[in-house]
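Participant: Sharing coords_1.pdb, PDB, C-alpha atoms:
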ATOM      1  CA  MET V   1      48.204  10.489  21.183
ATOM      2  CA  THR V   2      45.413   8.221  19.994
ATOM      3  CA  PHE V   3      42.426   8.505  22.287
ATOM      4  CA  ALA V   4      39.830   5.818  22.910
ATOM      5  CA  ASN V   5      36.263   6.533  23.949
ATOM      6  CA  ILE V   6      34.278   3.449  24.866
ATOM      7  CA  GLY V   7      30.688   4.181  25.710
ATOM      8  CA  THR V   8      27.538   2.449  26.793
ATOM      9  CA  LEU V   9      24.235   4.160  26.137
ATOM     10  CA  GLY V  10      21.070   2.963  27.818
ATOM     11  CA  ALA V  11      18.063   2.912  25.512
ATOM     12  CA  LEU V  12      14.474   3.183  26.656
ATOM     13  CA  PRO V  13      12.795  -0.251  26.680
ATOM     14  CA  GLY V  14      12.176  -1.409  23.135
ATOM     15  CA  ARG V  15      14.037   1.511  21.534
ATOM     16  CA  ARG V  16      17.516   0.010  21.283
ATOM     17  CA  ASP V  17      17.327  -0.867  17.615
ATOM     18  CA  GLU V  18      16.147   2.645  16.742
ATOM     19  CA  LEU V  19      19.126   4.003  18.640
ATOM     20  CA  ILE V  20      21.427   1.630  16.744
ATOM     21  CA  ALA V  21      19.920   2.731  13.423
ATOM     22  CA  HIS V  22      20.496   6.333  14.415
ATOM     23  CA  LEU V  23      24.101   5.772  15.462
ATOM     24  CA  THR V  24      25.077   3.737  12.400
ATOM     25  CA  ARG V  25      23.553   6.050   9.774
ATOM     26  CA  PRO V  26      26.457   7.003   7.470
ATOM     27  CA  TRP V  27      27.909  10.375   8.361
ATOM     28  CA  THR V  28      27.681  13.042   5.687
ATOM     29  CA  GLU V  29      30.578  14.808   7.392
ATOM     30  CA  VAL V  30      33.241  12.694   9.093
ATOM     31  CA  PRO V  31      34.538  14.582  12.117
ATOM     32  CA  GLU V  32      38.219  15.391  11.780
ATOM     33  CA  GLY V  33      40.399  12.940  13.649
ATOM     34  CA  CYS V  34      37.927  10.052  13.832
ATOM     35  CA  LEU V  35      39.824   6.803  13.219
ATOM     36  CA  LEU V  36      37.254   4.215  14.282
ATOM     37  CA  TYR V  37      33.607   4.303  15.349
ATOM     38  CA  GLU V  38      32.025   0.910  15.934
ATOM     39  CA  VAL V  39      28.510   0.492  17.261
ATOM     40  CA  GLY V  40      27.499  -2.713  18.979
ATOM     41  CA  ALA V  41      24.909  -4.704  20.853
ATOM     42  CA  SER V  42      24.858  -7.703  23.140
ATOM     43  CA  ASP V  43      22.185 -10.262  23.917
ATOM     44  CA  ASP V  44      23.282  -9.967  27.532
ATOM     45  CA  ALA V  45      22.244  -6.295  27.727
ATOM     46  CA  PRO V  46      19.146  -5.868  25.573
ATOM     47  CA  ASP V  47      18.649  -2.162  26.376
ATOM     48  CA  THR V  48      22.250  -1.079  25.885
ATOM     49  CA  VAL V  49      24.110   0.193  22.845
ATOM     50  CA  PHE V  50      27.892   0.065  22.845
ATOM     51  CA  VAL V  51      30.217   2.429  21.022
ATOM     52  CA  ALA V  52      33.970   1.991  20.560
ATOM     53  CA  GLU V  53      35.706   5.040  19.136
ATOM     54  CA  LEU V  54      39.323   5.891  18.332
ATOM     55  CA  TRP V  55      40.396   9.475  17.685
ATOM     56  CA  THR V  56      43.719  11.054  16.800
ATOM     57  CA  SER V  57      43.596  12.899  20.141
ATOM     58  CA  ALA V  58      41.307  13.659  23.062
ATOM     59  CA  GLU V  59      41.079  17.180  21.663
ATOM     60  CA  ALA V  60      39.788  15.901  18.304
ATOM     61  CA  HIS V  61      37.100  13.944  20.127
ATOM     62  CA  ALA V  62      36.118  16.973  22.222
ATOM     63  CA  ALA V  63      36.038  19.201  19.120
ATOM     64  CA  SER V  64      33.755  16.753  17.303
ATOM     65  CA  LEU V  65      31.132  17.191  20.017
ATOM     66  CA  GLN V  66      30.881  20.870  19.069
ATOM     67  CA  LEU V  67      30.174  20.234  15.369
ATOM     68  CA  PRO V  68      26.637  21.268  14.397
ATOM     69  CA  SER V  69      26.026  17.909  12.724
ATOM     70  CA  VAL V  70      27.121  15.994  15.833
ATOM     71  CA  ARG V  71      25.131  18.241  18.173
ATOM     72  CA  ALA V  72      22.041  17.747  16.001
ATOM     73  CA  SER V  73      22.581  13.979  16.026
ATOM     74  CA  ILE V  74      22.874  13.906  19.817
ATOM     75  CA  GLU V  75      19.666  15.934  20.127
ATOM     76  CA  ALA V  76      17.854  13.569  17.745
ATOM     77  CA  ALA V  77      18.946  10.552  19.811
ATOM     78  CA  ARG V  78      17.853  12.013  23.133
ATOM     79  CA  PRO V  79      14.225  10.713  23.024
ATOM     80  CA  LEU V  80      15.581   7.163  22.721
ATOM     81  CA  LEU V  81      17.904   7.340  25.731
ATOM     82  CA  SER V  82      17.210   6.108  29.251
ATOM     83  CA  GLY V  83      19.829   8.391  30.761
ATOM     84  CA  GLU V  84      22.150   5.547  31.750
ATOM     85  CA  PHE V  85      25.674   5.992  30.449
ATOM     86  CA  GLY V  86      28.906   4.195  31.119
ATOM     87  CA  GLY V  87      32.238   3.576  29.542
ATOM     88  CA  TYR V  88      35.937   4.227  29.601
ATOM     89  CA  ARG V  89      38.210   6.871  28.186
ATOM     90  CA  PHE V  90      41.893   6.230  27.801
ATOM     91  CA  ASP V  91      44.997   7.104  25.867
ATOM     92  CA  VAL V  92      46.316   4.387  23.587
ATOM     93  CA  VAL V  93      49.878   3.568  24.592
ATOM     94  CA  GLY V  94      50.625   0.733  22.170
ATOM     95  CA  SER V  95      49.561  -2.441  20.453
ATOM     96  CA  PRO V  96      51.200  -5.843  20.100
ATOM     97  CA  LEU V  97      50.134  -5.680  16.434
ATOM     98  CA  ARG V  98      52.607  -2.846  15.827
ATOM     99  CA  SER V  99      56.333  -3.085  16.423
TER
ATOM    100  CA  MET R   1      30.138 -10.910  12.971
ATOM    101  CA  THR R   2      32.865  -8.635  14.264
ATOM    102  CA  PHE R   3      33.241  -9.030  18.006
ATOM    103  CA  ALA R   4      34.522  -6.389  20.413
ATOM    104  CA  ASN R   5      36.214  -7.186  23.686
ATOM    105  CA  ILE R   6      36.875  -4.156  25.852
ATOM    106  CA  GLY R   7      38.717  -4.957  29.038
ATOM    107  CA  THR R   8      40.062  -3.296  32.117
ATOM    108  CA  LEU R   9      42.822  -5.034  34.033
ATOM    109  CA  GLY R  10      43.741  -3.906  37.516
ATOM    110  CA  ALA R  11      47.472  -3.824  38.148
ATOM    111  CA  LEU R  12      49.112  -4.190  41.541
ATOM    112  CA  PRO R  13      50.199  -0.798  42.880
ATOM    113  CA  GLY R  14      53.197   0.477  40.947
ATOM    114  CA  ARG R  15      53.127  -2.355  38.394
ATOM    115  CA  ARG R  16      50.899  -0.803  35.738
ATOM    116  CA  ASP R  17      53.697   0.173  33.391
ATOM    117  CA  GLU R  18      55.180  -3.331  33.557
ATOM    118  CA  LEU R  19      51.770  -4.708  32.629
ATOM    119  CA  ILE R  20      51.559  -2.258  29.726
ATOM    120  CA  ALA R  21      55.025  -3.274  28.539
ATOM    121  CA  HIS R  22      53.953  -6.891  28.694
ATOM    122  CA  LEU R  23      50.717  -6.330  26.786
ATOM    123  CA  THR R  24      52.262  -4.187  24.055
ATOM    124  CA  ARG R  25      55.244  -6.440  23.290
ATOM    125  CA  PRO R  26      54.954  -7.298  19.571
ATOM    126  CA  TRP R  27      53.361 -10.665  19.032
ATOM    127  CA  THR R  28      55.488 -13.268  17.307
ATOM    128  CA  GLU R  29      52.295 -15.053  16.309
ATOM    129  CA  VAL R  30      49.206 -12.932  15.584
ATOM    130  CA  PRO R  31      46.127 -14.906  16.642
ATOM    131  CA  GLU R  32      43.876 -15.655  13.711
ATOM    132  CA  GLY R  33      40.994 -13.231  13.458
ATOM    133  CA  CYS R  34      42.508 -10.391  15.475
ATOM    134  CA  LEU R  35      41.622  -7.098  13.763
ATOM    135  CA  LEU R  36      42.569  -4.573  16.439
ATOM    136  CA  TYR R  37      44.283  -4.740  19.821
ATOM    137  CA  GLU R  38      44.893  -1.392  21.472
ATOM    138  CA  VAL R  39      46.327  -1.044  24.963
ATOM    139  CA  GLY R  40      45.721   2.093  26.959
ATOM    140  CA  ALA R  41      46.082   3.997  30.178
ATOM    141  CA  SER R  42      44.421   6.936  31.872
ATOM    142  CA  ASP R  43      45.672   9.436  34.436
ATOM    143  CA  ASP R  44      42.277   9.053  36.104
ATOM    144  CA  ALA R  45      42.876   5.359  36.860
ATOM    145  CA  PRO R  46      46.588   4.957  37.661
ATOM    146  CA  ASP R  47      46.385   1.227  38.464
ATOM    147  CA  THR R  48      44.287   0.197  35.462
ATOM    148  CA  VAL R  49      45.256  -0.973  31.987
ATOM    149  CA  PHE R  50      42.652  -0.797  29.232
ATOM    150  CA  VAL R  51      42.433  -3.073  26.216
ATOM    151  CA  ALA R  52      40.191  -2.578  23.187
ATOM    152  CA  GLU R  53      40.083  -5.562  20.857
ATOM    153  CA  LEU R  54      38.212  -6.345  17.651
ATOM    154  CA  TRP R  55      38.000  -9.895  16.331
ATOM    155  CA  THR R  56      36.393 -11.395  13.247
ATOM    156  CA  SER R  57      34.065 -13.344  15.565
ATOM    157  CA  ALA R  58      33.501 -14.228  19.201
ATOM    158  CA  GLU R  59      34.732 -17.704  18.301
ATOM    159  CA  ALA R  60      38.046 -16.349  16.996
ATOM    160  CA  HIS R  61      38.518 -14.485  20.262
ATOM    161  CA  ALA R  62      37.715 -17.570  22.318
ATOM    162  CA  ALA R  63      40.053 -19.707  20.206
ATOM    163  CA  SER R  64      42.903 -17.239  20.695
ATOM    164  CA  LEU R  65      42.735 -17.798  24.449
ATOM    165  CA  GLN R  66      43.629 -21.435  23.880
ATOM    166  CA  LEU R  67      46.802 -20.705  21.884
ATOM    167  CA  PRO R  68      49.943 -21.758  23.770
ATOM    168  CA  SER R  69      51.538 -18.352  23.172
ATOM    169  CA  VAL R  70      48.505 -16.523  24.555
ATOM    170  CA  ARG R  71      48.190 -18.850  27.534
ATOM    171  CA  ALA R  72      51.883 -18.331  28.322
ATOM    172  CA  SER R  73      51.448 -14.577  28.044
ATOM    173  CA  ILE R  74      48.497 -14.590  30.436
ATOM    174  CA  GLU R  75      50.488 -16.672  32.922
ATOM    175  CA  ALA R  76      53.413 -14.264  32.689
ATOM    176  CA  ALA R  77      51.136 -11.298  33.392
ATOM    177  CA  ARG R  78      49.480 -12.867  36.421
ATOM    178  CA  PRO R  79      52.016 -11.615  39.020
ATOM    179  CA  LEU R  80      51.279  -8.039  37.941
ATOM    180  CA  LEU R  81      47.499  -8.267  38.292
ATOM    181  CA  SER R  82      45.385  -7.154  41.250
ATOM    182  CA  GLY R  83      42.522  -9.432  40.299
ATOM    183  CA  GLU R  84      40.173  -6.595  39.365
ATOM    184  CA  PHE R  85      38.728  -6.958  35.890
ATOM    185  CA  GLY R  86      36.002  -5.134  34.026
ATOM    186  CA  GLY R  87      34.853  -4.412  30.549
ATOM    187  CA  TYR R  88      32.295  -5.053  27.862
ATOM    188  CA  ARG R  89      31.803  -7.636  25.162
ATOM    189  CA  PHE R  90      29.553  -6.923  22.228
ATOM    190  CA  ASP R  91      28.860  -7.701  18.607
ATOM    191  CA  VAL R  92      29.585  -4.903  16.163
ATOM    192  CA  VAL R  93      26.402  -4.073  14.279
ATOM    193  CA  GLY R  94      27.620  -1.167  12.171
ATOM    194  CA  SER R  95      29.566   2.043  11.854
ATOM    195  CA  PRO R  96      28.659   5.485  10.519
ATOM    196  CA  LEU R  97      32.068   5.432   8.801
ATOM    197  CA  ARG R  98      30.853   2.650   6.485
ATOM    198  CA  SER R  99      27.874   2.928   4.180
TER
END
Can you turn what I pasted into C-alpha coordinates?

Facilitator:
Amino acid sequence: MTFANIGTLGALPGRRDELIAHLTRPWTEVPEGCLLYEVGASDDAPDTVFVAELWTSAEAHAASLQLPSVRASIEAARPLLSGEFGGYRFDVVGSPLRS
Amino acid sequence: MTFANIGTLGALPGRRDELIAHLTRPWTEVPEGCLLYEVGASDDAPDTVFVAELWTSAEAHAASLQLPSVRASIEAARPLLSGEFGGYRFDVVGSPLRS
(Lines of atoms letter the chains of each structure in order from A and count residues from 1; the text may use other names and numbers.)
(Lines give C-alpha, C1' and ligand atoms only; values in the text may rest on other atoms or scores of the structure.)
Protein backbone atom coordinates (compact mmCIF):
# COMPACT_ATOMS: atom_id res chain seq x y z
CA MET A 1 0.00 0.00 0.00
CA THR A 2 1.40 3.38 -0.97
CA PHE A 3 2.69 5.19 2.09
CA ALA A 4 2.91 8.95 2.53
CA ASN A 5 5.41 10.66 4.79
CA ILE A 6 4.85 14.38 5.17
CA GLY A 7 7.46 16.08 7.27
CA THR A 8 8.38 19.46 8.62
CA LEU A 9 11.96 20.08 9.64
CA GLY A 10 12.89 23.10 11.70
CA ALA A 11 16.10 24.78 10.56
CA LEU A 12 18.33 26.86 12.78
CA PRO A 13 17.78 30.59 12.15
CA GLY A 14 19.23 31.56 8.79
CA ARG A 15 20.10 27.99 7.79
CA ARG A 16 16.91 27.02 5.99
CA ASP A 17 18.25 27.49 2.49
CA GLU A 18 21.31 25.38 3.27
CA LEU A 19 18.98 22.66 4.50
CA ILE A 20 16.94 22.95 1.30
CA ALA A 21 20.10 22.71 -0.81
CA HIS A 22 21.09 19.61 1.12
CA LEU A 23 17.71 17.94 0.75
CA THR A 24 17.33 18.67 -2.96
CA ARG A 25 20.82 17.55 -4.04
CA PRO A 26 20.23 14.82 -6.66
CA TRP A 27 20.51 11.36 -5.16
CA THR A 28 23.26 9.16 -6.56
CA GLU A 29 21.29 6.15 -5.33
CA VAL A 30 17.49 6.34 -5.37
CA PRO A 31 16.15 4.33 -2.44
CA GLU A 32 14.04 1.41 -3.60
CA GLY A 33 10.35 2.17 -3.45
CA CYS A 34 10.58 5.97 -3.51
CA LEU A 35 7.80 7.31 -5.74
CA LEU A 36 7.85 11.01 -4.89
CA TYR A 37 10.07 13.27 -2.79
CA GLU A 38 9.21 16.96 -2.93
CA VAL A 39 10.96 19.55 -0.81
CA GLY A 40 9.27 22.85 -0.07
CA ALA A 41 9.28 26.16 1.72
CA SER A 42 6.74 28.75 2.74
CA ASP A 43 7.02 32.47 3.38
CA ASP A 44 4.74 31.89 6.35
CA ALA A 45 7.31 29.66 8.10
CA PRO A 46 10.75 31.02 7.29
CA ASP A 47 12.66 28.49 9.42
CA THR A 48 10.82 25.39 8.24
CA VAL A 49 11.49 22.98 5.40
CA PHE A 50 8.67 20.77 4.19
CA VAL A 51 9.02 17.32 2.66
CA ALA A 52 6.27 15.33 0.94
CA GLU A 53 7.22 11.75 0.18
CA LEU A 54 5.38 8.79 -1.36
CA TRP A 55 6.74 5.26 -1.04
CA THR A 56 5.54 1.91 -2.32
CA SER A 57 5.07 0.83 1.32
CA ALA A 58 5.81 1.89 4.88
CA GLU A 59 8.42 -0.86 4.91
CA ALA A 60 10.22 0.64 1.89
CA HIS A 61 10.35 3.98 3.67
CA ALA A 62 11.68 2.39 6.86
CA ALA A 63 14.28 0.41 4.89
CA SER A 64 15.51 3.57 3.15
CA LEU A 65 16.42 5.07 6.52
CA GLN A 66 18.92 2.25 7.01
CA LEU A 67 20.78 2.85 3.72
CA PRO A 68 24.33 4.11 4.30
CA SER A 69 23.80 6.98 1.86
CA VAL A 70 20.61 8.09 3.63
CA ARG A 71 22.16 7.75 7.09
CA ALA A 72 25.14 9.83 5.95
CA SER A 73 22.79 12.47 4.52
CA ILE A 74 20.83 12.69 7.77
CA GLU A 75 24.07 13.08 9.73
CA ALA A 76 25.25 15.84 7.36
CA ALA A 77 21.96 17.72 7.83
CA ARG A 78 22.02 17.54 11.62
CA PRO A 79 24.04 20.77 12.20
CA LEU A 80 21.36 22.71 10.30
CA LEU A 81 18.40 21.41 12.32
CA SER A 82 16.68 23.12 15.23
CA GLY A 83 15.27 19.86 16.55
CA GLU A 84 11.66 20.76 15.74
CA PHE A 85 9.91 18.14 13.65
CA GLY A 86 6.33 17.64 12.63
CA GLY A 87 4.30 15.95 9.99
CA TYR A 88 1.91 13.18 9.13
CA ARG A 89 2.26 9.58 8.07
CA PHE A 90 -0.58 7.80 6.37
CA ASP A 91 -1.52 5.04 4.00
CA VAL A 92 -2.86 6.17 0.64
CA VAL A 93 -6.33 4.72 0.15
CA GLY A 94 -7.24 6.28 -3.20
CA SER A 95 -7.33 9.27 -5.48
CA PRO A 96 -10.12 10.91 -7.45
CA LEU A 97 -7.60 11.11 -10.33
CA ARG A 98 -7.67 7.31 -10.66
CA SER A 99 -10.77 5.27 -11.36
CA MET B 1 5.83 27.14 -9.01
CA THR B 2 4.43 23.80 -7.93
CA PHE B 3 2.27 24.21 -4.86
CA ALA B 4 1.61 21.57 -2.22
CA ASN B 5 -1.51 21.45 -0.10
CA ILE B 6 -1.40 18.86 2.65
CA GLY B 7 -4.60 18.65 4.64
CA THR B 8 -6.11 16.79 7.52
CA LEU B 9 -9.88 16.64 7.78
CA GLY B 10 -11.54 15.50 10.97
CA ALA B 11 -14.50 13.21 10.41
CA LEU B 12 -17.41 12.80 12.79
CA PRO B 13 -17.06 9.59 14.80
CA GLY B 14 -17.72 6.58 12.60
CA ARG B 15 -17.97 8.62 9.38
CA ARG B 16 -14.35 8.53 8.24
CA ASP B 17 -14.83 5.84 5.63
CA GLU B 18 -17.79 7.70 4.12
CA LEU B 19 -15.60 10.79 3.88
CA ILE B 20 -12.87 8.73 2.20
CA ALA B 21 -15.38 7.30 -0.27
CA HIS B 22 -16.54 10.82 -1.03
CA LEU B 23 -13.03 12.18 -1.53
CA THR B 24 -11.82 9.31 -3.71
CA ARG B 25 -14.81 9.19 -6.07
CA PRO B 26 -13.36 9.71 -9.58
CA TRP B 27 -13.69 13.28 -10.71
CA THR B 28 -15.81 13.87 -13.79
CA GLU B 29 -13.95 17.14 -14.30
CA VAL B 30 -10.28 17.30 -13.27
CA PRO B 31 -9.53 20.83 -12.05
CA GLU B 32 -6.96 22.53 -14.21
CA GLY B 33 -3.49 22.37 -12.72
CA CYS B 34 -4.04 19.39 -10.43
CA LEU B 35 -0.93 17.19 -10.55
CA LEU B 36 -1.52 14.86 -7.61
CA TYR B 37 -4.38 14.25 -5.19
CA GLU B 38 -3.84 11.39 -2.77
CA VAL B 39 -6.28 10.55 0.00
CA GLY B 40 -5.13 8.63 3.03
CA ALA B 41 -5.86 7.20 6.43
CA SER B 42 -3.90 6.06 9.45
CA ASP B 43 -4.68 3.56 12.19
CA ASP B 44 -3.15 6.09 14.59
CA ALA B 45 -5.84 8.69 13.82
CA PRO B 46 -9.11 6.81 13.24
CA ASP B 47 -11.25 9.94 12.75
CA THR B 48 -8.89 11.76 10.38
CA VAL B 49 -8.64 11.78 6.60
CA PHE B 50 -5.41 12.99 5.01
CA VAL B 51 -5.06 14.64 1.63
CA ALA B 52 -1.80 15.35 -0.20
CA GLU B 53 -2.21 17.56 -3.26
CA LEU B 54 0.19 19.03 -5.79
CA TRP B 55 -0.89 21.83 -8.11
CA THR B 56 0.90 23.72 -10.86
CA SER B 57 0.55 26.88 -8.75
CA ALA B 58 -1.14 28.25 -5.65
CA GLU B 59 -3.42 30.15 -8.01
CA ALA B 60 -4.55 26.94 -9.73
CA HIS B 61 -5.41 25.47 -6.34
CA ALA B 62 -7.34 28.57 -5.32
CA ALA B 63 -9.19 28.63 -8.65
CA SER B 64 -10.22 25.00 -8.25
CA LEU B 65 -12.07 25.87 -5.06
CA GLN B 66 -14.34 28.13 -7.08
CA LEU B 67 -15.38 25.44 -9.58
CA PRO B 68 -19.06 24.52 -9.23
CA SER B 69 -18.20 20.81 -9.10
CA VAL B 70 -15.67 21.35 -6.31
CA ARG B 71 -17.98 23.64 -4.36
CA ALA B 72 -20.76 21.04 -4.62
CA SER B 73 -18.38 18.33 -3.46
CA ILE B 74 -17.32 20.36 -0.43
CA GLU B 75 -20.96 21.00 0.46
CA ALA B 76 -21.75 17.30 0.17
CA ALA B 77 -18.88 16.42 2.51
CA ARG B 78 -19.85 18.94 5.17
CA PRO B 79 -22.22 16.64 7.13
CA LEU B 80 -19.35 14.18 7.61
CA LEU B 81 -16.88 16.70 9.02
CA SER B 82 -16.10 17.38 12.67
CA GLY B 83 -14.76 20.84 11.94
CA GLU B 84 -11.16 19.96 12.80
CA PHE B 85 -8.73 20.82 10.03
CA GLY B 86 -4.96 20.89 9.84
CA GLY B 87 -2.18 20.72 7.36
CA TYR B 88 0.56 22.54 5.54
CA ARG B 89 0.81 24.63 2.41
CA PHE B 90 4.14 25.19 0.75
CA ASP B 91 5.87 25.90 -2.52
CA VAL B 92 7.89 23.04 -3.96
CA VAL B 93 11.49 24.17 -4.37
CA GLY B 94 13.05 20.95 -5.63
CA SER B 95 13.43 17.21 -5.41
CA PRO B 96 16.47 14.94 -5.14
CA LEU B 97 14.73 12.74 -7.74
CA ARG B 98 15.23 15.46 -10.37
CA SER B 99 18.58 16.86 -11.40

Participant: Find the residues in chain R near chain V: any atom within 10 Å counts, using only C-alpha atoms. Write them as a VMD selection string.

Facilitator: chain R and resid 2 to 8 20 to 30 34 to 45 49 to 54 87 to 99

Participant: Please report the interatomic distance between atom CA of V:Ser57 and atom CA of V:Gly86 in Å with one decimal.

Facilitator: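 Between these atoms lies a distance of 20.3 Å.
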
Participant: Matching every Cα in sequence order between the two identical chains, what are the coordinates of chain R once fitted onto chain V? Write them as a tab-separated table (two decimals) with C-alpha atoms, in the frame of the given file.

Facilitator:
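Printed below is superposed12.tsv as written:
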chain	number	residue	atom	x	y	z
R	1	MET	CA	48.20	10.49	21.16
R	2	THR	CA	45.42	8.21	19.99
R	3	PHE	CA	42.43	8.51	22.29
R	4	ALA	CA	39.83	5.81	22.92
R	5	ASN	CA	36.28	6.54	23.95
R	6	ILE	CA	34.28	3.46	24.86
R	7	GLY	CA	30.69	4.19	25.71
R	8	THR	CA	27.54	2.46	26.79
R	9	LEU	CA	24.23	4.17	26.13
R	10	GLY	CA	21.08	2.96	27.81
R	11	ALA	CA	18.07	2.90	25.52
R	12	LEU	CA	14.47	3.19	26.65
R	13	PRO	CA	12.79	-0.22	26.67
R	14	GLY	CA	12.16	-1.40	23.13
R	15	ARG	CA	14.04	1.50	21.52
R	16	ARG	CA	17.52	0.00	21.28
R	17	ASP	CA	17.33	-0.88	17.61
R	18	GLU	CA	16.15	2.64	16.74
R	19	LEU	CA	19.14	4.00	18.64
R	20	ILE	CA	21.44	1.63	16.74
R	21	ALA	CA	19.92	2.72	13.43
R	22	HIS	CA	20.50	6.32	14.42
R	23	LEU	CA	24.11	5.78	15.46
R	24	THR	CA	25.07	3.73	12.40
R	25	ARG	CA	23.56	6.04	9.77
R	26	PRO	CA	26.46	7.00	7.47
R	27	TRP	CA	27.90	10.36	8.36
R	28	THR	CA	27.67	13.04	5.70
R	29	GLU	CA	30.56	14.81	7.40
R	30	VAL	CA	33.23	12.68	9.10
R	31	PRO	CA	34.54	14.58	12.12
R	32	GLU	CA	38.21	15.39	11.78
R	33	GLY	CA	40.39	12.93	13.64
R	34	CYS	CA	37.92	10.06	13.84
R	35	LEU	CA	39.82	6.80	13.22
R	36	LEU	CA	37.25	4.21	14.28
R	37	TYR	CA	33.61	4.31	15.35
R	38	GLU	CA	32.03	0.92	15.93
R	39	VAL	CA	28.50	0.49	17.26
R	40	GLY	CA	27.50	-2.71	18.98
R	41	ALA	CA	24.93	-4.70	20.86
R	42	SER	CA	24.87	-7.71	23.14
R	43	ASP	CA	22.17	-10.27	23.91
R	44	ASP	CA	23.27	-9.97	27.54
R	45	ALA	CA	22.26	-6.30	27.73
R	46	PRO	CA	19.14	-5.87	25.58
R	47	ASP	CA	18.64	-2.17	26.38
R	48	THR	CA	22.25	-1.08	25.89
R	49	VAL	CA	24.11	0.20	22.84
R	50	PHE	CA	27.91	0.07	22.85
R	51	VAL	CA	30.23	2.43	21.02
R	52	ALA	CA	33.98	2.00	20.57
R	53	GLU	CA	35.71	5.04	19.14
R	54	LEU	CA	39.32	5.90	18.34
R	55	TRP	CA	40.39	9.48	17.70
R	56	THR	CA	43.72	11.05	16.80
R	57	SER	CA	43.59	12.90	20.14
R	58	ALA	CA	41.32	13.67	23.06
R	59	GLU	CA	41.09	17.19	21.65
R	60	ALA	CA	39.79	15.91	18.30
R	61	HIS	CA	37.11	13.96	20.14
R	62	ALA	CA	36.12	16.97	22.22
R	63	ALA	CA	36.03	19.20	19.13
R	64	SER	CA	33.76	16.76	17.31
R	65	LEU	CA	31.13	17.20	20.02
R	66	GLN	CA	30.89	20.87	19.08
R	67	LEU	CA	30.18	20.23	15.38
R	68	PRO	CA	26.65	21.27	14.41
R	69	SER	CA	26.03	17.91	12.74
R	70	VAL	CA	27.12	16.00	15.84
R	71	ARG	CA	25.13	18.24	18.17
R	72	ALA	CA	22.04	17.74	16.00
R	73	SER	CA	22.59	13.99	16.02
R	74	ILE	CA	22.86	13.90	19.81
R	75	GLU	CA	19.66	15.93	20.12
R	76	ALA	CA	17.86	13.57	17.75
R	77	ALA	CA	18.94	10.56	19.81
R	78	ARG	CA	17.84	12.02	23.13
R	79	PRO	CA	14.23	10.72	23.02
R	80	LEU	CA	15.56	7.17	22.72
R	81	LEU	CA	17.89	7.34	25.72
R	82	SER	CA	17.19	6.12	29.26
R	83	GLY	CA	19.81	8.38	30.76
R	84	GLU	CA	22.14	5.55	31.75
R	85	PHE	CA	25.66	5.99	30.44
R	86	GLY	CA	28.90	4.19	31.11
R	87	GLY	CA	32.23	3.55	29.55
R	88	TYR	CA	35.93	4.24	29.60
R	89	ARG	CA	38.21	6.89	28.19
R	90	PHE	CA	41.90	6.23	27.80
R	91	ASP	CA	45.00	7.11	25.86
R	92	VAL	CA	46.32	4.39	23.58
R	93	VAL	CA	49.89	3.57	24.59
R	94	GLY	CA	50.63	0.74	22.17
R	95	SER	CA	49.57	-2.43	20.45
R	96	PRO	CA	51.20	-5.84	20.10
R	97	LEU	CA	50.13	-5.70	16.44
R	98	ARG	CA	52.61	-2.87	15.82
R	99	SER	CA	56.33	-3.12	16.41

Participant: Quick check, in Å to one decimal: how far apart do atom CA of R:Leu80 and atom CA of R:Gly10 lie?

Facilitator: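 Answer for the atom CA of R:Leu80 to atom CA of R:Gly10 separation: 8.6 Å.
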
Participant: One number please: atom CA of V:His61 to atom CA of V:Leu9, in Å, one decimal.

Facilitator: 17.2 Å

Participant: Under the PyMOL selection byres ((chain R and resi 83) around 12), which residues of this model are included? Write them out as number ranges by chain.

Facilitator: R: 8-13, 47-48, 77-82, 84-86

Participant: Draw an axis-aligned box over all listed atoms of stretch 21-26 of chain V, pad each side with 4 Å, and write its centre and edge lengths in Å, one decimal, as JSON.

Facilitator:
{"center_x": 23.2, "center_y": 4.9, "center_z": 11.5, "size_x": 14.5, "size_y": 12.3, "size_z": 16.0}

Participant: Using all atoms listed in the file, find the one residue out of R:Val70, R:Ala60, R:Leu19, R:Ala76 that sits nearest to R:Met1.

Facilitator: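 Closest to R:Met1 of all the choices is R:Ala60.
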